[in-house]
$ cat work08.json   # JSON, C-alpha atoms
[["chain", "number", "residue", "atom", "x", "y", "z"],
["A", 1, "MET", "CA", 7.56, -20.68, 0.06],
["A", 2, "SER", "CA", 4.90, -18.01, -0.40],
["A", 3, "ARG", "CA", 2.02, -18.76, -2.74],
["A", 4, "ARG", "CA", 1.29, -16.70, -5.82],
["A", 5, "VAL", "CA", -0.88, -13.68, -5.04],
["A", 6, "HIS", "CA", -3.28, -11.59, -7.10],
["A", 7, "VAL", "CA", -2.52, -8.21, -5.51],
["A", 8, "LEU", "CA", 0.80, -7.01, -4.04],
["A", 9, "ALA", "CA", 1.00, -3.67, -2.20],
["A", 10, "ILE", "CA", 4.55, -2.29, -2.04],
["A", 11, "ALA", "CA", 5.33, 0.44, 0.49],
["A", 12, "ALA", "CA", 8.28, 2.12, 2.18],
["A", 13, "HIS", "CA", 7.30, 1.50, 5.81],
["A", 14, "ARG", "CA", 5.17, -0.74, 7.99],
["A", 15, "ASP", "CA", 1.69, 0.83, 8.38],
["A", 16, "ASP", "CA", 1.84, 2.65, 5.00],
["A", 17, "VAL", "CA", -0.47, 0.19, 3.24],
["A", 18, "GLU", "CA", -2.91, 0.25, 6.16],
["A", 19, "GLN", "CA", -3.27, 4.00, 5.70],
["A", 20, "THR", "CA", -3.42, 4.22, 1.91],
["A", 21, "CYS", "CA", -4.93, 1.02, 0.52],
["A", 22, "GLY", "CA", -5.80, -1.20, 3.48],
["A", 23, "GLY", "CA", -9.52, -1.14, 2.83],
["A", 24, "SER", "CA", -9.02, -2.14, -0.79],
["A", 25, "LEU", "CA", -6.76, -5.03, 0.21],
["A", 26, "ILE", "CA", -9.41, -6.26, 2.64],
["A", 27, "ARG", "CA", -12.11, -5.96, -0.01],
["A", 28, "MET", "CA", -10.07, -7.95, -2.52],
["A", 29, "ALA", "CA", -9.34, -10.66, 0.06],
["A", 30, "GLU", "CA", -13.04, -10.88, 0.89],
["A", 31, "ARG", "CA", -13.69, -11.46, -2.81],
["A", 32, "GLY", "CA", -11.39, -14.47, -2.76],
["A", 33, "TYR", "CA", -8.21, -12.91, -4.10],
["A", 34, "ARG", "CA", -4.87, -13.58, -2.43],
["A", 35, "THR", "CA", -3.16, -10.37, -1.31],
["A", 36, "ALA", "CA", 0.27, -9.54, 0.08],
["A", 37, "ALA", "CA", 2.31, -6.58, 1.31],
["A", 38, "LEU", "CA", 5.99, -5.82, 0.81],
["A", 39, "GLU", "CA", 7.70, -3.09, 2.84],
["A", 40, "LEU", "CA", 11.14, -1.99, 1.71],
["A", 41, "THR", "CA", 12.41, -0.78, 5.11],
["A", 42, "ALA", "CA", 11.97, -1.83, 8.72],
["A", 43, "GLY", "CA", 11.13, 1.72, 9.87],
["A", 44, "GLU", "CA", 14.06, 1.85, 12.27],
["A", 45, "MET", "CA", 14.53, 5.62, 11.89],
["A", 46, "GLY", "CA", 10.99, 6.49, 13.01],
["A", 47, "THR", "CA", 10.54, 8.84, 15.96],
["A", 48, "ARG", "CA", 8.34, 6.28, 17.70],
["A", 49, "GLY", "CA", 8.90, 2.59, 18.28],
["A", 50, "ASP", "CA", 11.69, 0.40, 16.91],
["A", 51, "ALA", "CA", 12.07, -2.14, 14.12],
["A", 52, "GLU", "CA", 11.31, -5.16, 16.31],
["A", 53, "THR", "CA", 8.16, -3.64, 17.78],
["A", 54, "ARG", "CA", 6.90, -2.52, 14.40],
["A", 55, "ALA", "CA", 7.53, -6.00, 12.98],
["A", 56, "ARG", "CA", 5.28, -7.54, 15.63],
["A", 57, "GLU", "CA", 2.63, -4.89, 15.04],
["A", 58, "ALA", "CA", 2.78, -5.44, 11.27],
["A", 59, "GLU", "CA", 2.14, -9.16, 11.69],
["A", 60, "ALA", "CA", -0.90, -8.45, 13.85],
["A", 61, "ALA", "CA", -2.14, -5.91, 11.30],
["A", 62, "ALA", "CA", -1.65, -8.45, 8.49],
["A", 63, "GLY", "CA", -4.32, -10.59, 10.12],
["A", 64, "GLU", "CA", -6.79, -7.72, 10.10],
["A", 65, "LEU", "CA", -5.93, -6.99, 6.45],
["A", 66, "LEU", "CA", -6.51, -10.68, 5.57],
["A", 67, "LEU", "CA", -3.12, -10.81, 3.85],
["A", 68, "GLU", "CA", -1.83, -14.07, 2.42],
["A", 69, "SER", "CA", 1.71, -12.99, 3.35],
["A", 70, "ARG", "CA", 3.75, -10.00, 4.43],
["A", 71, "HIS", "CA", 7.40, -9.35, 3.57],
["A", 72, "ASN", "CA", 10.13, -6.85, 4.48],
["A", 73, "LEU", "CA", 13.41, -6.27, 2.64],
["A", 74, "GLY", "CA", 15.19, -4.43, 5.48],
["A", 75, "LEU", "CA", 16.59, -1.69, 3.24],
["A", 76, "PRO", "CA", 17.82, 1.44, 5.09],
["A", 77, "ASP", "CA", 14.96, 3.57, 6.42],
["A", 78, "ALA", "CA", 15.13, 7.31, 5.57],
["A", 79, "ARG", "CA", 18.14, 6.51, 3.37],
["A", 80, "LEU", "CA", 16.34, 4.54, 0.69],
["A", 81, "GLU", "CA", 17.95, 4.92, -2.73],
["A", 82, "ASN", "CA", 16.89, 3.73, -6.17],
["A", 83, "THR", "CA", 19.87, 1.44, -6.66],
["A", 84, "LEU", "CA", 20.23, -1.65, -8.84],
["A", 85, "GLU", "CA", 20.50, -3.72, -5.65],
["A", 86, "ALA", "CA", 17.15, -2.38, -4.40],
["A", 87, "ARG", "CA", 15.44, -2.91, -7.76],
["A", 88, "LEU", "CA", 16.70, -6.47, -8.02],
["A", 89, "ALA", "CA", 15.57, -7.26, -4.46],
["A", 90, "VAL", "CA", 12.04, -6.11, -5.28],
["A", 91, "ALA", "CA", 12.10, -7.82, -8.68],
["A", 92, "ALA", "CA", 13.00, -11.09, -6.95],
["A", 93, "LYS", "CA", 9.93, -10.75, -4.72],
["A", 94, "ILE", "CA", 7.78, -10.01, -7.75],
["A", 95, "ARG", "CA", 9.01, -13.21, -9.37],
["A", 96, "GLN", "CA", 8.34, -15.12, -6.18],
["A", 97, "LEU", "CA", 4.81, -13.76, -5.58],
["A", 98, "ARG", "CA", 3.84, -13.26, -9.25],
["A", 99, "PRO", "CA", 1.06, -10.68, -8.68],
["A", 100, "ARG", "CA", -1.26, -9.58, -11.44],
["A", 101, "THR", "CA", -1.75, -6.18, -9.81],
["A", 102, "VAL", "CA", 0.82, -4.12, -7.91],
["A", 103, "ILE", "CA", -0.06, -1.11, -5.73],
["A", 104, "LEU", "CA", 2.67, 1.52, -5.29],
["A", 105, "PRO", "CA", 2.80, 4.81, -3.37],
["A", 106, "TYR", "CA", 2.01, 7.90, -5.43],
["A", 107, "TRP", "CA", 5.23, 9.16, -7.02],
["A", 108, "GLU", "CA", 5.21, 12.59, -5.29],
["A", 109, "ALA", "CA", 5.30, 12.71, -1.48],
["A", 110, "ARG", "CA", 6.71, 14.56, 1.51],
["A", 111, "HIS", "CA", 8.84, 11.60, 2.62],
["A", 112, "PRO", "CA", 11.62, 10.80, 0.11],
["A", 113, "ASP", "CA", 11.29, 7.07, 0.88],
["A", 114, "HIS", "CA", 7.76, 7.07, -0.53],
["A", 115, "CYS", "CA", 8.83, 8.71, -3.79],
["A", 116, "ARG", "CA", 11.73, 6.31, -4.18],
["A", 117, "THR", "CA", 9.55, 3.30, -3.41],
["A", 118, "ALA", "CA", 7.34, 4.30, -6.35],
["A", 119, "GLN", "CA", 10.40, 4.50, -8.60],
["A", 120, "ILE", "CA", 11.98, 1.28, -7.34],
["A", 121, "GLY", "CA", 8.68, -0.60, -7.52],
["A", 122, "TYR", "CA", 7.92, 0.47, -11.08],
["A", 123, "GLU", "CA", 11.37, -0.37, -12.38],
["A", 124, "ALA", "CA", 11.38, -3.69, -10.49],
["A", 125, "CYS", "CA", 8.08, -4.65, -12.14],
["A", 126, "PHE", "CA", 9.76, -4.14, -15.49],
["A", 127, "LEU", "CA", 12.96, -5.96, -14.55],
["A", 128, "GLY", "CA", 11.02, -8.93, -13.21],
["A", 129, "GLY", "CA", 9.86, -9.75, -16.72],
["A", 130, "LEU", "CA", 13.28, -9.83, -18.38],
["A", 131, "LYS", "CA", 14.07, -13.40, -19.42],
["A", 132, "LYS", "CA", 17.83, -12.85, -19.52],
["A", 133, "LEU", "CA", 18.06, -11.20, -16.12],
["A", 134, "ASP", "CA", 20.26, -13.20, -13.75],
["A", 135, "LEU", "CA", 17.69, -13.51, -10.98],
["A", 136, "PRO", "CA", 16.06, -16.55, -9.33],
["A", 137, "GLY", "CA", 12.59, -17.57, -10.45],
["A", 138, "GLU", "CA", 10.64, -17.49, -13.68],
["A", 139, "PRO", "CA", 10.25, -14.09, -15.37],
["A", 140, "HIS", "CA", 7.09, -12.26, -14.35],
["A", 141, "ARG", "CA", 5.74, -8.79, -15.02],
["A", 142, "PRO", "CA", 2.50, -7.56, -13.38],
["A", 143, "ALA", "CA", -0.31, -6.64, -15.75],
["A", 144, "LYS", "CA", -1.44, -3.58, -13.78],
["A", 145, "ILE", "CA", 0.26, -0.96, -11.60],
["A", 146, "LEU", "CA", -1.89, 1.25, -9.38],
["A", 147, "TYR", "CA", -0.74, 4.24, -7.34],
["A", 148, "ALA", "CA", -2.35, 4.82, -3.94],
["A", 149, "SER", "CA", -2.98, 8.57, -3.95],
["A", 150, "LEU", "CA", -4.70, 9.13, -0.58],
["A", 151, "TYR", "CA", -2.22, 11.80, 0.52],
["A", 152, "ALA", "CA", -1.58, 13.33, -2.91],
["A", 153, "ASN", "CA", -3.40, 16.46, -4.02],
["A", 154, "VAL", "CA", -4.41, 14.97, -7.36],
["A", 155, "ARG", "CA", -7.63, 13.88, -9.00],
["A", 156, "PRO", "CA", -7.87, 10.08, -8.66],
["A", 157, "SER", "CA", -8.44, 7.89, -11.70],
["A", 158, "PHE", "CA", -10.91, 5.86, -9.63],
["A", 159, "VAL", "CA", -12.07, 5.30, -6.06],
["A", 160, "VAL", "CA", -12.70, 1.94, -4.37],
["A", 161, "ASP", "CA", -15.75, 1.71, -2.10],
["A", 162, "ILE", "CA", -14.40, 0.53, 1.28],
["A", 163, "THR", "CA", -17.51, 1.27, 3.33],
["A", 164, "ALA", "CA", -17.89, -2.34, 4.44],
["A", 165, "GLN", "CA", -14.15, -2.66, 5.11],
["A", 166, "PHE", "CA", -13.42, 0.67, 6.80],
["A", 167, "GLU", "CA", -13.74, -0.38, 10.45],
["A", 168, "ARG", "CA", -11.54, -3.41, 9.85],
["A", 169, "ARG", "CA", -8.98, -1.16, 8.19],
["A", 170, "MET", "CA", -9.02, 1.03, 11.31],
["A", 171, "ARG", "CA", -8.49, -2.04, 13.50],
["A", 172, "ALA", "CA", -5.43, -2.86, 11.40],
["A", 173, "LEU", "CA", -4.03, 0.61, 12.09],
["A", 174, "ASP", "CA", -4.80, 0.22, 15.79],
["A", 175, "CYS", "CA", -2.33, -2.68, 15.84],
["A", 176, "TYR", "CA", 0.46, -0.09, 15.56],
["A", 177, "LYS", "CA", 0.28, 1.08, 19.14],
["A", 178, "SER", "CA", 3.87, 2.29, 19.05],
["A", 179, "GLN", "CA", 2.86, 4.75, 16.32],
["A", 180, "TYR", "CA", -0.65, 5.85, 17.19],
["A", 181, "ASP", "CA", -1.13, 5.56, 20.95],
["A", 182, "ASP", "CA", -0.82, 8.85, 22.85],
["A", 183, "GLN", "CA", 2.73, 9.17, 24.24],
["A", 184, "THR", "CA", 5.41, 11.72, 25.01],
["A", 185, "ALA", "CA", 7.74, 10.60, 22.19],
["A", 186, "GLY", "CA", 7.01, 12.76, 19.17],
["A", 187, "ALA", "CA", 4.14, 14.55, 20.91],
["A", 188, "GLY", "CA", 5.06, 17.77, 19.13],
["A", 189, "LEU", "CA", 5.06, 16.06, 15.72],
["A", 190, "PHE", "CA", 2.14, 13.64, 15.90],
["A", 191, "PRO", "CA", -1.51, 14.58, 16.51],
["A", 192, "ALA", "CA", -3.34, 12.88, 19.38],
["A", 193, "ARG", "CA", -4.75, 9.44, 18.62],
["A", 194, "GLN", "CA", -8.35, 10.70, 18.49],
["A", 195, "GLU", "CA", -7.36, 13.42, 16.05],
["A", 196, "ILE", "CA", -5.59, 10.92, 13.78],
["A", 197, "THR", "CA", -8.69, 8.72, 13.79],
["A", 198, "GLU", "CA", -10.93, 11.65, 12.91],
["A", 199, "ARG", "CA", -8.64, 12.77, 10.11],
["A", 200, "LEU", "CA", -8.48, 9.32, 8.53],
["A", 201, "ARG", "CA", -12.24, 8.97, 8.77],
["A", 202, "SER", "CA", -12.75, 12.42, 7.20],
["A", 203, "VAL", "CA", -10.39, 11.71, 4.31],
["A", 204, "ALA", "CA", -12.10, 8.38, 3.59],
["A", 205, "ARG", "CA", -15.48, 10.12, 3.74],
["A", 206, "TYR", "CA", -14.31, 12.73, 1.24],
["A", 207, "TYR", "CA", -13.21, 10.16, -1.33],
["A", 208, "GLY", "CA", -16.33, 8.11, -0.68],
["A", 209, "MET", "CA", -18.44, 11.19, -1.33],
["A", 210, "LEU", "CA", -16.87, 11.58, -4.76],
["A", 211, "VAL", "CA", -18.40, 8.27, -5.85],
["A", 212, "GLY", "CA", -21.56, 8.35, -3.77],
["A", 213, "VAL", "CA", -20.55, 5.95, -0.97],
["A", 214, "GLN", "CA", -19.64, 6.42, 2.69],
["A", 215, "TYR", "CA", -15.91, 5.61, 2.62],
["A", 216, "GLY", "CA", -13.46, 5.34, -0.27],
["A", 217, "GLU", "CA", -9.78, 4.93, -1.18],
["A", 218, "PRO", "CA", -8.36, 6.75, -4.24],
["A", 219, "PHE", "CA", -5.98, 5.42, -6.88],
["A", 220, "VAL", "CA", -4.22, 6.79, -9.95],
["A", 221, "VAL", "CA", -3.25, 4.87, -13.09],
["A", 222, "LYS", "CA", -0.99, 6.27, -15.80],
["A", 223, "GLU", "CA", -2.67, 4.51, -18.72],
["A", 224, "MET", "CA", -6.17, 5.01, -20.16],
["A", 225, "MET", "CA", -9.00, 2.96, -18.64],
["A", 226, "GLU", "CA", -11.46, 1.02, -20.79],
["A", 227, "VAL", "CA", -15.25, 0.94, -20.31],
["A", 228, "GLU", "CA", -17.10, -2.07, -21.72],
["A", 229, "ASP", "CA", -20.73, -1.14, -21.02],
["A", 230, "LEU", "CA", -21.97, 2.46, -21.26],
["A", 231, "VAL", "CA", -25.31, 1.50, -19.70],
["A", 232, "LYS", "CA", -23.84, -0.09, -16.56],
["A", 233, "MET", "CA", -21.23, 2.55, -15.69],
["A", 234, "PRO", "CA", -21.26, 3.24, -11.93],
["A", 235, "VAL", "CA", -21.54, 6.66, -10.19],
["A", 236, "ARG", "CA", -24.41, 8.86, -11.29],
["A", 237, "SER", "CA", -23.80, 12.08, -13.22],
["A", 238, "LEU", "CA", -26.95, 13.79, -11.87]]

$ encode --input "work08.json" --output "structure tokens"
Amino acid sequence: MSRRVHVLAIAAHRDDVEQTCGGSLIRMAERGYRTAALELTAGEMGTRGDAETRAREAEAAAGELLLESRHNLGLPDARLENTLEARLAVAAKIRQLRPRTVILPYWEARHPDHCRTAQIGYEACFLGGLKKLDLPGEPHRPAKILYASLYANVRPSFVVDITAQFERRMRALDCYKSQYDDQTAGAGLFPARQEITERLRSVARYYGMLVGVQYGEPFVVKEMMEVEDLVKMPVRSL
């Protein structure tokens, strides 16, 4: 039985959270919050690796991310659909883990699974709070939904400073050797490992620069954000 967590990151595939919000998950865990990840598919349709290999790699990466727990629903990779069955499966996990904050992929993306994960995750968060829904567990609805927007060409609502967590985040990604090690499979589709590393570092530097730190991860929220203290607002204007 998994313990209640404070932050739950929901993604389509294993290694998605490492790329988009891994540093933030590490930072929250280092602050004493319990964190978890939920992938909807096993990634069996990927050009590289297989579901069993990626499962082992994901468990190793979970240690680097300092996750309390990691879960996978085994829904069909590359054929993910926003069905009632999928929504209820995610809602059941939300009732089980009872997060206050849920991180979803940004709702526009190249891979259809990412877009649908955002839809499924949002609707599941709502369904999880319905008292009359015939679903195991006590009703629960997260208080906050964040969208990890690293690969979206949008202005983030805020950026998390992951300077102290960046190298650990990269070690988590390095656990996925089937995906990132140089190999002949998918050589025409995937950049070389060194190039991937440089790109991820550059993107994190860009978002860090926006808030005056070395490395950052961007997020979008749909609702307005509140500021309590005008004197202590971070990030200088001049």

$ residues_around --input "work08.json" --residues "stretch 78-86 of chain A" --least-positions-apart "5" --cutoff "12 Å" --atoms "only C-alpha atoms" --output "count of residues only"
33

$ atom_distance --input "work08.json" --atom1 "atom CA of A:Thr163" --atom2 "atom CA of A:Gln214"
5.6 Å

$ closest_residue --input "work08.json" --among "A:Arg31, A:Pro136, A:Gly63, A:Val211" --to "A:Leu238" --atoms "all atoms listed in the file"
A:Val211

$ residues_near_point --input "work08.json" --point "(-3.1, -13.2, 9.3)" --cutoff "12 Å" --atoms "all atoms listed in the file" --output "list of chain:residue names"
A:Ile26, A:Ala29, A:Arg34, A:Thr35, A:Ala36, A:Ala37, A:Arg56, A:Glu57, A:Ala58, A:Glu59, A:Ala60, A:Ala61, A:Ala62, A:Gly63, A:Glu64, A:Leu65, A:Leu66, A:Leu67, A:Glu68, A:Ser69, A:Arg70, A:Ala172

$ axis_aligned_box --input "work08.json" --around "stretch 152-170 of chain A" --padding-each-side "4 Å" --output "JSON"
{"center_x": -9.7, "center_y": 6.5, "center_z": -0.2, "size_x": 24.3, "size_y": 27.9, "size_z": 31.0}

$ atom_distance --input "work08.json" --atom1 "atom CA of A:Leu38" --atom2 "atom CA of A:Leu8"
7.2 Å

$ atom_distance --input "work08.json" --atom1 "atom CA of A:Phe158" --atom2 "atom CA of A:Ala9"
17.0 Å

$ closest_residue --input "work08.json" --among "A:Cys125, A:Val102, A:Ala109, A:Val235" --to "A:His140" --atoms "all atoms listed in the file"
A:Cys125

$ closest_residue --input "work08.json" --among "A:Pro139, A:Gly128, A:Gly208, A:Gly32" --to "A:Val160" --atoms "all atoms listed in the file"
A:Gly208

$ residues_near_point --input "work08.json" --point "(-17.6, 0.9, -5.7)" --cutoff "12 Å" --atoms "only C-alpha atoms" --output "PDB file with C-alpha atoms, keeping the file's coordinate frame"
ATOM      1  CA  GLY A  23      -9.520  -1.140   2.830  1.00  0.00           C
ATOM      2  CA  SER A  24      -9.020  -2.140  -0.790  1.00  0.00           C
ATOM      3  CA  ARG A  27     -12.110  -5.960  -0.010  1.00  0.00           C
ATOM      4  CA  PHE A 158     -10.910   5.860  -9.630  1.00  0.00           C
ATOM      5  CA  VAL A 159     -12.070   5.300  -6.060  1.00  0.00           C
ATOM      6  CA  VAL A 160     -12.700   1.940  -4.370  1.00  0.00           C
ATOM      7  CA  ASP A 161     -15.750   1.710  -2.100  1.00  0.00           C
ATOM      8  CA  ILE A 162     -14.400   0.530   1.280  1.00  0.00           C
ATOM      9  CA  THR A 163     -17.510   1.270   3.330  1.00  0.00           C
ATOM     10  CA  ALA A 164     -17.890  -2.340   4.440  1.00  0.00           C
ATOM     11  CA  GLN A 165     -14.150  -2.660   5.110  1.00  0.00           C
ATOM     12  CA  TYR A 207     -13.210  10.160  -1.330  1.00  0.00           C
ATOM     13  CA  GLY A 208     -16.330   8.110  -0.680  1.00  0.00           C
ATOM     14  CA  MET A 209     -18.440  11.190  -1.330  1.00  0.00           C
ATOM     15  CA  LEU A 210     -16.870  11.580  -4.760  1.00  0.00           C
ATOM     16  CA  VAL A 211     -18.400   8.270  -5.850  1.00  0.00           C
ATOM     17  CA  GLY A 212     -21.560   8.350  -3.770  1.00  0.00           C
ATOM     18  CA  VAL A 213     -20.550   5.950  -0.970  1.00  0.00           C
ATOM     19  CA  GLN A 214     -19.640   6.420   2.690  1.00  0.00           C
ATOM     20  CA  TYR A 215     -15.910   5.610   2.620  1.00  0.00           C
ATOM     21  CA  GLY A 216     -13.460   5.340  -0.270  1.00  0.00           C
ATOM     22  CA  GLU A 217      -9.780   4.930  -1.180  1.00  0.00           C
ATOM     23  CA  PRO A 218      -8.360   6.750  -4.240  1.00  0.00           C
ATOM     24  CA  MET A 233     -21.230   2.550 -15.690  1.00  0.00           C
ATOM     25  CA  PRO A 234     -21.260   3.240 -11.930  1.00  0.00           C
ATOM     26  CA  VAL A 235     -21.540   6.660 -10.190  1.00  0.00           C
ATOM     27  CA  ARG A 236     -24.410   8.860 -11.290  1.00  0.00           C
TER      28      ARG A 236
END

$ closest_residue --input "work08.json" --among "A:Glu167, A:Leu230, A:Val220, A:Met225" --to "A:Thr197" --atoms "only C-alpha atoms"
A:Glu167

$ closest_residue --input "work08.json" --among "A:Glu223, A:Asp181, A:Arg169, A:Lys232" --to "A:Gln19" --atoms "only C-alpha atoms"
A:Arg169

$ closest_residue --input "work08.json" --among "A:Glu18, A:Ala51, A:Arg199, A:Tyr33" --to "A:Arg100" --atoms "all atoms listed in the file"
A:Tyr33
